[in-house]
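Student: Structure provided below as structure tokens; questions to follow.
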Amino acid sequence: MTAPQSLSLPFGILLTLLLGCGPAPDSQEPADAETASVAVDPVDVTARTIAQGELTGVVQDNGSLAWRSIPYAQPPVGDLRWKTPQAPEPWEGTYSATDVIQPCPQFVSGLSAGIPDPDEDGVVGSEDCLYLSVYAPADIAEREPLPVMYWIFGGGNNSGYAGDYNGGTLAQTQDVVVVSVNYRLGSLGWFYHPAIIEVGATDAAASGNWSTVDTIAGLEWVRDNIATFGGDPSNVTIFGESAGGGNVMSLVSSPKAEGLFHRAVVQSGGIGTTSIEQGMNYSDDEVPGHMHSSREIINMILIRDGLAADRESAKAYQQNMSDAEIRELLYTQEAASFLRLYNPQAARNYPAPKKFTDGAVFVEQAPLDQLAAGDYNKVPIILGTNRDERRIYLYGAWADTIREDPDEYVRFAHYPSVQWKWRGVDNLARRMAPVQDAPVFAFRFDWDEQQTREDGFDMAVAIGAAHSTEMAFVFGEWDIGFLNPETLYDEATNPGRDQLSNAMMSYWANFAYTGNPGRGRDGTLPDWQAWANGADQPKMLILDSEADGGIRMSNEEVTLASIKAEFLTEQWSDPQNACRTYLSTFAGTSEFDRDEYANLIEGGCSRN
């Protein structure tokens with residue numbers, strides 16, 4: 001789940017309220033632990049043969065079949081670090097596809113709960129992490145090929161792992177084949193420096209976009225192998241949440257992914273790229289690089305290792321190094337110590353350049369201009385956000401306000417949340433709908449019927465329809481990710497929750513089948529109409545329980561200007577909250593006005 005650093009909280013604080021008096025994150029079992037599974041005999045229902053050899057999986061408690069942790073590429077270790085994924089090697093005998101996928105290297109956080117950190121260095125995972133899992137209905141052998149739903153997890157592109165998502169319920173109840181894919185994270189996944197590019201390398205091999213190409217390689221594996229598991233390679237839906245939703249948009253915009261998928265779902269995502277110069281240059285170059293560009297990271301290595309006293313001497317030292325010396329320096333970095341250069345405090349997210357406009361994986365054009373020009377993979381697409389996106393990042397620090405003045409907290413969280421809707425849905429749909437024949441659909445997830453804890457803390461106010469809360473509804477798995485169902489959900493509202501989840505799975509699956517969510521798989525749900533530009537035209541489906549208005553269409557649309565106009569009418573208990581909200585909503589956008597901010601409240605906005 002990606003977020004601007006200024007609004008993020010350490011996950012230890014965030015999880016304290018979510019987990020209540022339950023076990024600490026590190027004592028939790030991985031998400032799949034409660035979906036008890038039994039290994040089966042090689043001659044039983046999970047026996048399959050693919051190009052690499054024979055393999056078997058597991059039968060889960062609900063009857064669904066699962067093949068976990070299948071290698072779709074060779075381990076990107078040694079000389080394969082910062083290289084395009086290579087085809088997996090064949091194996092001898094029968095591969096037991098029964099283990100939960102383990103994460104790529106990342107800092108310990110709520111998104112790695114249950115993953116051991118034996119050396120207690122604050123980093124978990126292994127660079128040997130290019131695996132995927134397949135989930136299918138129990139009777140798959142008796143069926144025509146089923147639509148494939150290819151899940152890309154979120155986590156800021158710095159954390160998370162595919163093993164935290166069990167697709168068995170979605171597969172079993174909706175007659176689809178679900179694939180969840182791991183991909184390289186952070187600067188082990190996106191890193192550009194000429195010294196690591198092989199001489200003569202072109203196209204993706206010279207791009208620095210190793211992680212994006214991982215997800216493309218996973219789709220190529222699906223194309224070549226999914227029929228063996230009952231899936232239809234000519235009907236693949238990519239879907240993902242947060243950074244995973246952004247990665248779905250990366251595939252939508254990448255010419256390298258053309259033809260590998262046929263529909264797309266973006267949950268709380270967005271679109272963006274970085275220039276090669278930002279990824280590589282020194283921060284004081286004429287075209288400045290990112291504070292954590294590859295050359296600035298090399299400076300940090302030289303200082304850390306005692307080869308230079310400060311940045312200026314490190315820069316001079318680096319400029320006298322050959323490409324071979326720089327390459328050796330980078331390839332001998334141990335993953336954990338390399339990541340700590342970006343983030344000495346070991347917080348989950350850290351700033352680093354990603355998604356380079358290399359002209360191969362990503363075109364050399366501003367992403368929004370690319371969409372408006374129709375120069376992308378035009379497929380039926382769903383774009384959506386959650387009504388209260390930002391609350392998940394805020395409520396730990398606002399606990400006292402939530403108890404004493406909940407309206408003020410709701411006001412503060414609303415504006416950056418609706419700005420996410422503008423960024424991740426409306427601003428994209430307005431460009432895409434006119435230029436593609438395939439329909440564009442939009443949603444807003446509004447469910448907010450969580451419990452009030454025994455201490456009186458109202459989780460419905462604190463979290464509401466926050467970022468990531470819709471994932472459990474899409475998968476029909478209430479222990480998904482880091483959210484603890486025992487301290488989040490309310491038994492009194494669970495029937496409505498379950499009904500909404502069934503509807504959402506039905507919509508998502510019908511979209512996978514037909515490219516149109518329509519009225520769901522059985523045709524009984526409210527009709528989900530496509531986005532249409534123009535005032536009073538259909539825009540989005542609101543997803544909520546019957547107790548809160550139910551599932552319904554809305555013509556609501558937002559722009560930055562409309563968000564600003566609404567914001568300027570607000571009355572605040574603490575005027576400084578107006579200043580904080582202004583910054584969190586408009587900083588970095590065309591609506592930020594320094595003079596307006598300076599004079600926003602009487603006496604001026606505090607610099608603290």
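Chain lettering (A, B, ...) mirrors the order of the structure tokens, residue numbering begins at 1 for each chain separately, and ligand numbering begins at 1 in order of display.
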Might you pull out every residue within 7 Å of Ile276 (chain A), with only C-alpha atoms counted and same-chain residues fewer than 2 positions away left off, and present them as a list in words?

Tutor: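 Within the cut-off, the hits are Thr274, Gln278, Gly279, Met280, Phe356, Thr357 and Asp358 of chain A.
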
Student: For the selection just defined, write its residues with all heavy atoms to a file, as a tab-separated table (two decimals), in the first residue's frame.

Tutor:
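New file part_11.tsv:
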chain	number	residue	atom	x	y	z
A	274	THR	N	9.40	7.50	-13.96
A	274	THR	CA	10.57	8.30	-13.56
A	274	THR	C	11.52	8.35	-14.73
A	274	THR	O	11.69	7.36	-15.44
A	274	THR	CB	11.26	7.63	-12.35
A	274	THR	OG1	10.34	7.50	-11.28
A	274	THR	CG2	12.45	8.47	-11.88
A	278	GLN	N	16.63	10.92	-13.47
A	278	GLN	CA	16.31	10.89	-12.04
A	278	GLN	C	16.84	9.62	-11.39
A	278	GLN	O	17.25	9.62	-10.24
A	278	GLN	CB	14.81	11.00	-11.84
A	278	GLN	CG	14.24	12.38	-12.09
A	278	GLN	CD	12.73	12.38	-11.96
A	278	GLN	OE1	12.02	11.78	-12.77
A	278	GLN	NE2	12.24	13.03	-10.93
A	279	GLY	N	16.81	8.53	-12.13
A	279	GLY	CA	17.25	7.26	-11.58
A	279	GLY	C	18.75	7.13	-11.47
A	279	GLY	O	19.24	6.34	-10.66
A	280	MET	N	19.51	7.92	-12.26
A	280	MET	CA	20.95	7.70	-12.33
A	280	MET	C	21.78	8.90	-11.89
A	280	MET	O	22.82	8.73	-11.24
A	280	MET	CB	21.32	7.33	-13.77
A	280	MET	CG	22.80	7.16	-14.03
A	280	MET	SD	23.16	6.77	-15.75
A	280	MET	CE	22.62	8.28	-16.58
A	356	PHE	N	11.32	3.42	-14.96
A	356	PHE	CA	12.09	4.35	-15.77
A	356	PHE	C	11.57	4.42	-17.20
A	356	PHE	O	11.31	3.38	-17.83
A	356	PHE	CB	13.57	3.95	-15.78
A	356	PHE	CG	14.15	3.79	-14.40
A	356	PHE	CD1	14.63	2.56	-13.96
A	356	PHE	CD2	14.20	4.87	-13.53
A	356	PHE	CE1	15.15	2.41	-12.69
A	356	PHE	CE2	14.72	4.73	-12.26
A	356	PHE	CZ	15.20	3.49	-11.83
A	357	THR	N	11.47	5.62	-17.72
A	357	THR	CA	11.04	5.81	-19.11
A	357	THR	C	12.21	5.50	-20.03
A	357	THR	O	12.91	6.39	-20.50
A	357	THR	CB	10.54	7.25	-19.32
A	357	THR	OG1	11.54	8.17	-18.82
A	357	THR	CG2	9.24	7.48	-18.59
A	358	ASP	N	12.37	4.22	-20.29
A	358	ASP	CA	13.52	3.70	-21.03
A	358	ASP	C	13.27	3.62	-22.53
A	358	ASP	O	14.18	3.36	-23.30
A	358	ASP	CB	13.89	2.31	-20.52
A	358	ASP	CG	12.72	1.33	-20.70
A	358	ASP	OD1	11.62	1.62	-20.20
A	358	ASP	OD2	12.90	0.29	-21.36

Student: Determine, counting only C-alpha atoms, which protein, DNA and RNA residues have an atom within 9 Å of an atom of Trp447 (chain A); residues of the same chain fewer than 6 positions away are not included. Present the result as a ChimeraX atom specification.

Tutor: /A:386-387,464-466,469-470,497,500,543-545,548

Student: I'd like to know which of A:Thr385, A:Thr487, A:Ser322, A:Asn225 is closest to Ile542 (chain A), using only C-alpha atoms.

Tutor: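 Under the stated criterion, the closest residue is A:Thr385.
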
Student: So that I can check the secondary structure, give me every residue of region 316-562 of chain A assigned helix (DSSP H, G or I) by backbone DSSP, as a PyMOL selection string.

Tutor: chain A and resi 316-319+323-331+335-342+367-372+391-394+399-404+406-432+459-462+471-475+485-488+494-514+546-548+560-562

Student: Keeping only C-alpha atoms, write the selected residues to a file as a compact mmCIF listing (two decimals), in the first residue's frame.

Tutor:
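For reference, result.txt as written:
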# COMPACT_ATOMS: atom_id res chain seq x y z
CA ALA A 316 35.41 12.27 -6.95
CA TYR A 317 36.32 8.68 -6.09
CA GLN A 318 33.37 7.32 -8.04
CA GLN A 319 34.17 9.37 -11.12
CA ASP A 323 32.39 0.43 -15.04
CA ALA A 324 33.87 -2.93 -14.09
CA GLU A 325 34.81 -1.65 -10.62
CA ILE A 326 31.38 -0.10 -10.09
CA ARG A 327 29.68 -3.28 -11.25
CA GLU A 328 31.73 -5.39 -8.84
CA LEU A 329 30.97 -2.98 -6.01
CA LEU A 330 27.23 -3.18 -6.65
CA TYR A 331 27.02 -6.92 -7.21
CA ALA A 335 20.75 -7.33 0.05
CA ALA A 336 20.00 -6.20 3.61
CA SER A 337 22.92 -3.77 3.88
CA PHE A 338 22.13 -2.43 0.41
CA LEU A 339 18.50 -1.70 1.36
CA ARG A 340 19.56 0.00 4.60
CA LEU A 341 21.38 2.63 2.54
CA TYR A 342 17.95 3.84 1.46
CA PRO A 367 1.79 8.69 -18.69
CA LEU A 368 -1.35 10.86 -18.74
CA ASP A 369 -0.48 12.10 -22.22
CA GLN A 370 0.06 8.48 -23.28
CA LEU A 371 -3.42 7.58 -22.06
CA ALA A 372 -5.05 10.57 -23.73
CA ARG A 391 -7.53 6.77 7.34
CA ILE A 392 -5.39 3.62 7.50
CA TYR A 393 -2.29 5.85 7.59
CA LEU A 394 -3.64 8.48 9.97
CA ALA A 399 -6.55 8.36 18.32
CA ASP A 400 -7.33 11.10 20.84
CA THR A 401 -9.13 13.22 18.23
CA ILE A 402 -11.13 10.18 17.10
CA ARG A 403 -12.42 9.81 20.66
CA GLU A 404 -12.94 13.50 21.40
CA PRO A 406 -14.44 12.42 15.43
CA ASP A 407 -15.92 14.93 12.94
CA GLU A 408 -12.59 16.77 12.80
CA TYR A 409 -10.76 13.52 12.06
CA VAL A 410 -13.25 12.63 9.32
CA ARG A 411 -12.80 16.08 7.75
CA PHE A 412 -9.03 15.78 7.83
CA ALA A 413 -8.98 12.28 6.26
CA HIS A 414 -11.60 13.06 3.62
CA TYR A 415 -9.67 15.41 1.36
CA PRO A 416 -6.51 13.39 0.71
CA SER A 417 -8.80 10.36 0.28
CA VAL A 418 -10.93 12.01 -2.41
CA GLN A 419 -7.73 13.31 -4.02
CA TRP A 420 -6.72 9.63 -4.39
CA LYS A 421 -10.00 9.07 -6.23
CA TRP A 422 -9.15 11.95 -8.56
CA ARG A 423 -5.65 10.58 -9.14
CA GLY A 424 -6.47 6.88 -9.39
CA VAL A 425 -9.88 6.92 -11.09
CA ASP A 426 -11.42 10.10 -12.46
CA ASN A 427 -8.27 11.63 -13.94
CA LEU A 428 -7.57 8.35 -15.76
CA ALA A 429 -11.12 7.49 -16.80
CA ARG A 430 -11.69 10.90 -18.38
CA ARG A 431 -8.72 10.26 -20.68
CA MET A 432 -9.28 6.59 -21.40
CA MET A 459 -13.07 1.27 14.35
CA ALA A 460 -15.76 2.35 11.88
CA VAL A 461 -14.65 5.95 12.36
CA ALA A 462 -10.95 5.20 12.74
CA MET A 471 -9.19 -6.79 -0.68
CA ALA A 472 -10.78 -9.19 1.80
CA PHE A 473 -14.12 -8.67 0.03
CA VAL A 474 -12.62 -9.40 -3.40
CA PHE A 475 -10.94 -12.59 -2.20
CA PRO A 485 -10.63 -10.00 11.61
CA GLU A 486 -11.09 -10.56 15.34
CA THR A 487 -10.41 -6.91 16.17
CA LEU A 488 -11.86 -5.38 13.03
CA ASN A 494 -20.92 -9.68 9.29
CA PRO A 495 -23.98 -10.94 7.35
CA GLY A 496 -24.08 -7.67 5.36
CA ARG A 497 -20.32 -7.82 4.96
CA ASP A 498 -20.49 -11.35 3.58
CA GLN A 499 -23.30 -10.44 1.19
CA LEU A 500 -21.28 -7.53 -0.19
CA SER A 501 -18.22 -9.75 -0.56
CA ASN A 502 -20.22 -12.29 -2.55
CA ALA A 503 -21.46 -9.48 -4.81
CA MET A 504 -17.97 -8.11 -5.36
CA MET A 505 -16.53 -11.52 -6.20
CA SER A 506 -19.41 -12.01 -8.61
CA TYR A 507 -18.79 -8.66 -10.32
CA TRP A 508 -15.03 -9.25 -10.57
CA ALA A 509 -15.55 -12.75 -11.97
CA ASN A 510 -18.18 -11.67 -14.49
CA PHE A 511 -15.78 -9.01 -15.68
CA ALA A 512 -13.13 -11.73 -16.08
CA TYR A 513 -15.57 -13.81 -18.12
CA THR A 514 -17.03 -11.10 -20.33
CA GLU A 546 -27.79 -2.95 2.21
CA ALA A 547 -27.76 -1.33 5.66
CA ASP A 548 -25.85 1.66 4.27
CA LEU A 560 -8.77 18.98 -8.26
CA ALA A 561 -10.69 22.23 -8.62
CA SER A 562 -13.88 20.71 -7.23

Student: Excluding same-chain residues fewer than 2 positions from Pro145 (chain A), what lies within 10 Å of it counting only C-alpha atoms, as a PDB file with C-alpha atoms, in the first residue's frame?

Tutor:
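Wrote it out as selection-v2.pdb, contents follow:
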ATOM      1  CA  ILE A 140     -11.390 -28.104 -12.877  1.00  0.00           C
ATOM      2  CA  ALA A 141     -10.658 -31.317 -14.779  1.00  0.00           C
ATOM      3  CA  GLU A 142     -14.328 -31.534 -15.787  1.00  0.00           C
ATOM      4  CA  ARG A 143     -14.614 -27.942 -17.008  1.00  0.00           C
ATOM      5  CA  PRO A 147     -10.865 -17.269 -17.107  1.00  0.00           C
ATOM      6  CA  VAL A 148      -7.570 -16.492 -15.409  1.00  0.00           C
ATOM      7  CA  ASP A 175     -15.242 -20.699 -11.343  1.00  0.00           C
ATOM      8  CA  VAL A 176     -12.026 -18.903 -12.217  1.00  0.00           C
ATOM      9  CA  VAL A 177      -8.333 -19.744 -12.025  1.00  0.00           C
ATOM     10  CA  ILE A 226      -2.005 -22.143 -17.447  1.00  0.00           C
ATOM     11  CA  ALA A 227      -3.990 -24.488 -19.700  1.00  0.00           C
ATOM     12  CA  THR A 228      -2.455 -27.362 -17.734  1.00  0.00           C
ATOM     13  CA  PHE A 229      -4.215 -26.027 -14.637  1.00  0.00           C
ATOM     14  CA  GLY A 230      -7.556 -25.479 -16.353  1.00  0.00           C
ATOM     15  CA  GLY A 231      -7.090 -21.825 -17.243  1.00  0.00           C
ATOM     16  CA  ASP A 232      -7.706 -20.117 -20.558  1.00  0.00           C
ATOM     17  CA  PRO A 233      -4.560 -18.270 -21.737  1.00  0.00           C
ATOM     18  CA  SER A 234      -6.687 -16.261 -24.162  1.00  0.00           C
ATOM     19  CA  ASN A 235      -8.727 -14.765 -21.306  1.00  0.00           C
TER      20      ASN A 235
END

Student: I want to know what sits within 9 Å of Glu296 (chain A), based on only C-alpha atoms, with residues of the same chain fewer than 6 positions away left out; could you give that as a ChimeraX atom specification?

Tutor: /A:280-283,289-290,311,315

Student: When DSSP works through the backbone of this structure, what residues of region 390-578 of chain A end up as strand (DSSP E), shown as a count of residues only?

Tutor: 13

Student: Quick one: of A:Gln436, A:Arg304, A:Pro344, A:Pro116, who's nearest to Asp375 (chain A), counting only C-alpha atoms?

Tutor: A:Gln436

Student: Quick one, how far is CA of Leu260 (chain A) from CA of Ile238 (chain A)?

Tutor: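 Rounded to one decimal, the two atoms are 9.5 Å apart.
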
Student: Please provide as a PyMOL selection string all residues within 8 Å of Ala442 (chain A), with the sequence filter that same-chain residues fewer than 4 positions apart are discarded (counting only C-alpha atoms).

Tutor: chain A and resi 382-384+425+429+530-531+539-541

Student: Please write the residues from the selection above to a file, keeping N, CA and C atoms, as a PDB file, in the first residue's frame.

Tutor:
ATOM      1  N   ILE A 382     -11.411  -1.758 -15.085  1.00  0.00           N
ATOM      2  CA  ILE A 382     -12.099  -1.257 -13.902  1.00  0.00           C
ATOM      3  C   ILE A 382     -11.098  -0.437 -13.097  1.00  0.00           C
ATOM      4  N   LEU A 383     -11.491   0.770 -12.724  1.00  0.00           N
ATOM      5  CA  LEU A 383     -10.680   1.650 -11.884  1.00  0.00           C
ATOM      6  C   LEU A 383     -11.473   1.953 -10.619  1.00  0.00           C
ATOM      7  N   GLY A 384     -10.857   1.810  -9.452  1.00  0.00           N
ATOM      8  CA  GLY A 384     -11.613   2.080  -8.232  1.00  0.00           C
ATOM      9  C   GLY A 384     -10.744   2.493  -7.071  1.00  0.00           C
ATOM     10  N   VAL A 425      -8.679   7.302 -10.337  1.00  0.00           N
ATOM     11  CA  VAL A 425      -9.880   6.919 -11.092  1.00  0.00           C
ATOM     12  C   VAL A 425     -10.270   8.001 -12.090  1.00  0.00           C
ATOM     13  N   ALA A 429      -9.927   7.867 -16.031  1.00  0.00           N
ATOM     14  CA  ALA A 429     -11.119   7.491 -16.805  1.00  0.00           C
ATOM     15  C   ALA A 429     -11.487   8.561 -17.824  1.00  0.00           C
ATOM     16  N   ALA A 530     -20.887   1.491 -17.511  1.00  0.00           N
ATOM     17  CA  ALA A 530     -19.573   2.016 -17.852  1.00  0.00           C
ATOM     18  C   ALA A 530     -19.505   3.512 -17.604  1.00  0.00           C
ATOM     19  N   TRP A 531     -18.292   3.992 -17.353  1.00  0.00           N
ATOM     20  CA  TRP A 531     -18.030   5.426 -17.212  1.00  0.00           C
ATOM     21  C   TRP A 531     -18.379   6.129 -18.528  1.00  0.00           C
ATOM     22  N   LYS A 539     -21.001   7.276 -13.772  1.00  0.00           N
ATOM     23  CA  LYS A 539     -19.571   7.350 -13.493  1.00  0.00           C
ATOM     24  C   LYS A 539     -19.066   6.113 -12.746  1.00  0.00           C
ATOM     25  N   MET A 540     -19.670   5.831 -11.592  1.00  0.00           N
ATOM     26  CA  MET A 540     -19.087   4.764 -10.773  1.00  0.00           C
ATOM     27  C   MET A 540     -20.168   3.995 -10.035  1.00  0.00           C
ATOM     28  N   LEU A 541     -19.806   2.773  -9.661  1.00  0.00           N
ATOM     29  CA  LEU A 541     -20.659   1.950  -8.808  1.00  0.00           C
ATOM     30  C   LEU A 541     -20.183   2.105  -7.376  1.00  0.00           C
TER      31      LEU A 541
END

Student: Go through A:Gln74, A:Thr559, A:Gln60, A:Ser187 and flag the residue nearest Asn343 (chain A), using only C-alpha atoms for the distances.

Tutor: A:Ser187

Student: Give the answer as one residue: which of A:Gln333, A:Glu120, A:Pro105, A:Thr237 has the shortest atom-to-atom distance to Ile301 (chain A), using only C-alpha atoms?

Tutor: A:Gln333

Student: Need the shell around region 165-172 of chain A: protein/DNA/RNA residues with any atom at most 9 Å away, counting only C-alpha atoms. Skip same-chain ones fewer than 3 positions apart. Format as an NGL selection string?

Tutor: :A and (31-32 or 35 or 60 or 62-66 or 133-139 or 149 or 151 or 153 or 161-162 or 175-180 or 474-477 or 480-481 or 505 or 509)

Student: Only N, CA and C atoms, please: the residues just picked out, written as a short mmCIF file (atom, residue, chain, number, x, y, z; two decimals), in the first residue's frame.

Tutor:
data_model
loop_
_atom_site.label_atom_id
_atom_site.label_comp_id
_atom_site.auth_asym_id
_atom_site.auth_seq_id
_atom_site.Cartn_x
_atom_site.Cartn_y
_atom_site.Cartn_z
N ALA A 31 -0.78 -15.87 6.26
CA ALA A 31 -2.22 -15.87 5.98
C ALA A 31 -2.73 -17.23 5.58
N ASP A 32 -1.91 -18.03 4.90
CA ASP A 32 -2.38 -19.32 4.43
C ASP A 32 -2.49 -20.36 5.55
N THR A 35 -5.87 -21.75 6.27
CA THR A 35 -6.49 -22.53 5.19
C THR A 35 -5.77 -23.87 5.15
N GLN A 60 -7.21 -27.71 -0.66
CA GLN A 60 -7.49 -26.86 0.50
C GLN A 60 -8.80 -27.27 1.15
N ASN A 62 -11.60 -25.89 1.53
CA ASN A 62 -12.85 -25.62 0.82
C ASN A 62 -12.95 -26.42 -0.48
N GLY A 63 -11.99 -27.31 -0.71
CA GLY A 63 -12.00 -28.15 -1.89
C GLY A 63 -11.22 -27.59 -3.06
N SER A 64 -10.85 -26.32 -3.00
CA SER A 64 -10.08 -25.74 -4.11
C SER A 64 -8.70 -26.37 -4.19
N LEU A 65 -8.15 -26.33 -5.38
CA LEU A 65 -6.81 -26.86 -5.62
C LEU A 65 -5.80 -25.72 -5.62
N ALA A 66 -4.63 -25.97 -5.07
CA ALA A 66 -3.60 -24.93 -5.01
C ALA A 66 -2.24 -25.53 -5.35
N SER A 133 1.79 -18.68 -7.58
CA SER A 133 0.89 -19.74 -7.14
C SER A 133 -0.35 -19.74 -8.01
N VAL A 134 -0.95 -20.92 -8.13
CA VAL A 134 -2.16 -21.10 -8.95
C VAL A 134 -3.24 -21.71 -8.07
N TYR A 135 -4.46 -21.17 -8.16
CA TYR A 135 -5.61 -21.69 -7.42
C TYR A 135 -6.73 -21.99 -8.42
N ALA A 136 -7.37 -23.13 -8.26
CA ALA A 136 -8.40 -23.55 -9.21
C ALA A 136 -9.54 -24.24 -8.48
N PRO A 137 -10.75 -24.27 -9.09
CA PRO A 137 -11.87 -24.99 -8.47
C PRO A 137 -11.58 -26.49 -8.41
N ALA A 138 -12.31 -27.14 -7.51
CA ALA A 138 -12.08 -28.58 -7.29
C ALA A 138 -12.35 -29.40 -8.54
N ASP A 139 -13.36 -29.01 -9.32
CA ASP A 139 -13.76 -29.82 -10.47
C ASP A 139 -13.16 -29.32 -11.78
N MET A 149 -7.37 -15.01 -13.48
CA MET A 149 -7.24 -13.74 -12.79
C MET A 149 -5.86 -13.68 -12.14
N TRP A 151 -3.15 -11.89 -10.02
CA TRP A 151 -3.11 -10.93 -8.92
C TRP A 151 -1.70 -10.39 -8.70
N PHE A 153 0.17 -8.07 -5.95
CA PHE A 153 -0.03 -7.54 -4.61
C PHE A 153 0.52 -6.11 -4.49
N TYR A 161 4.04 -9.64 -0.27
CA TYR A 161 4.43 -10.85 -0.98
C TYR A 161 3.19 -11.62 -1.39
N ALA A 162 3.32 -12.37 -2.47
CA ALA A 162 2.17 -13.08 -3.04
C ALA A 162 1.63 -14.15 -2.11
N ASP A 175 -15.65 -19.93 -10.16
CA ASP A 175 -15.24 -20.70 -11.34
C ASP A 175 -14.22 -19.95 -12.18
N VAL A 176 -13.14 -19.53 -11.53
CA VAL A 176 -12.03 -18.90 -12.22
C VAL A 176 -10.73 -19.55 -11.73
N VAL A 177 -9.67 -19.34 -12.45
CA VAL A 177 -8.33 -19.74 -12.03
C VAL A 177 -7.59 -18.49 -11.59
N VAL A 178 -7.08 -18.49 -10.37
CA VAL A 178 -6.40 -17.33 -9.80
C VAL A 178 -4.90 -17.61 -9.75
N VAL A 179 -4.12 -16.66 -10.19
CA VAL A 179 -2.66 -16.73 -10.12
C VAL A 179 -2.18 -15.54 -9.30
N SER A 180 -1.33 -15.78 -8.31
CA SER A 180 -0.71 -14.67 -7.56
C SER A 180 0.80 -14.72 -7.80
N VAL A 474 -12.88 -8.87 -2.06
CA VAL A 474 -12.62 -9.40 -3.40
C VAL A 474 -12.19 -10.85 -3.35
N PHE A 475 -11.43 -11.22 -2.32
CA PHE A 475 -10.94 -12.59 -2.20
C PHE A 475 -11.87 -13.48 -1.38
N GLY A 476 -12.81 -12.88 -0.62
CA GLY A 476 -13.65 -13.69 0.26
C GLY A 476 -12.86 -14.34 1.38
N GLU A 477 -11.77 -13.71 1.77
CA GLU A 477 -10.87 -14.23 2.82
C GLU A 477 -10.69 -13.14 3.86
N ILE A 480 -7.00 -11.89 5.30
CA ILE A 480 -6.03 -11.56 4.27
C ILE A 480 -5.15 -10.39 4.71
N GLY A 481 -3.89 -10.43 4.33
CA GLY A 481 -2.98 -9.34 4.64
C GLY A 481 -2.78 -9.20 6.14
N MET A 505 -17.15 -10.40 -5.50
CA MET A 505 -16.53 -11.52 -6.20
C MET A 505 -17.27 -11.83 -7.49
N ALA A 509 -15.60 -11.54 -11.14
CA ALA A 509 -15.55 -12.75 -11.97
C ALA A 509 -16.29 -12.56 -13.29
#
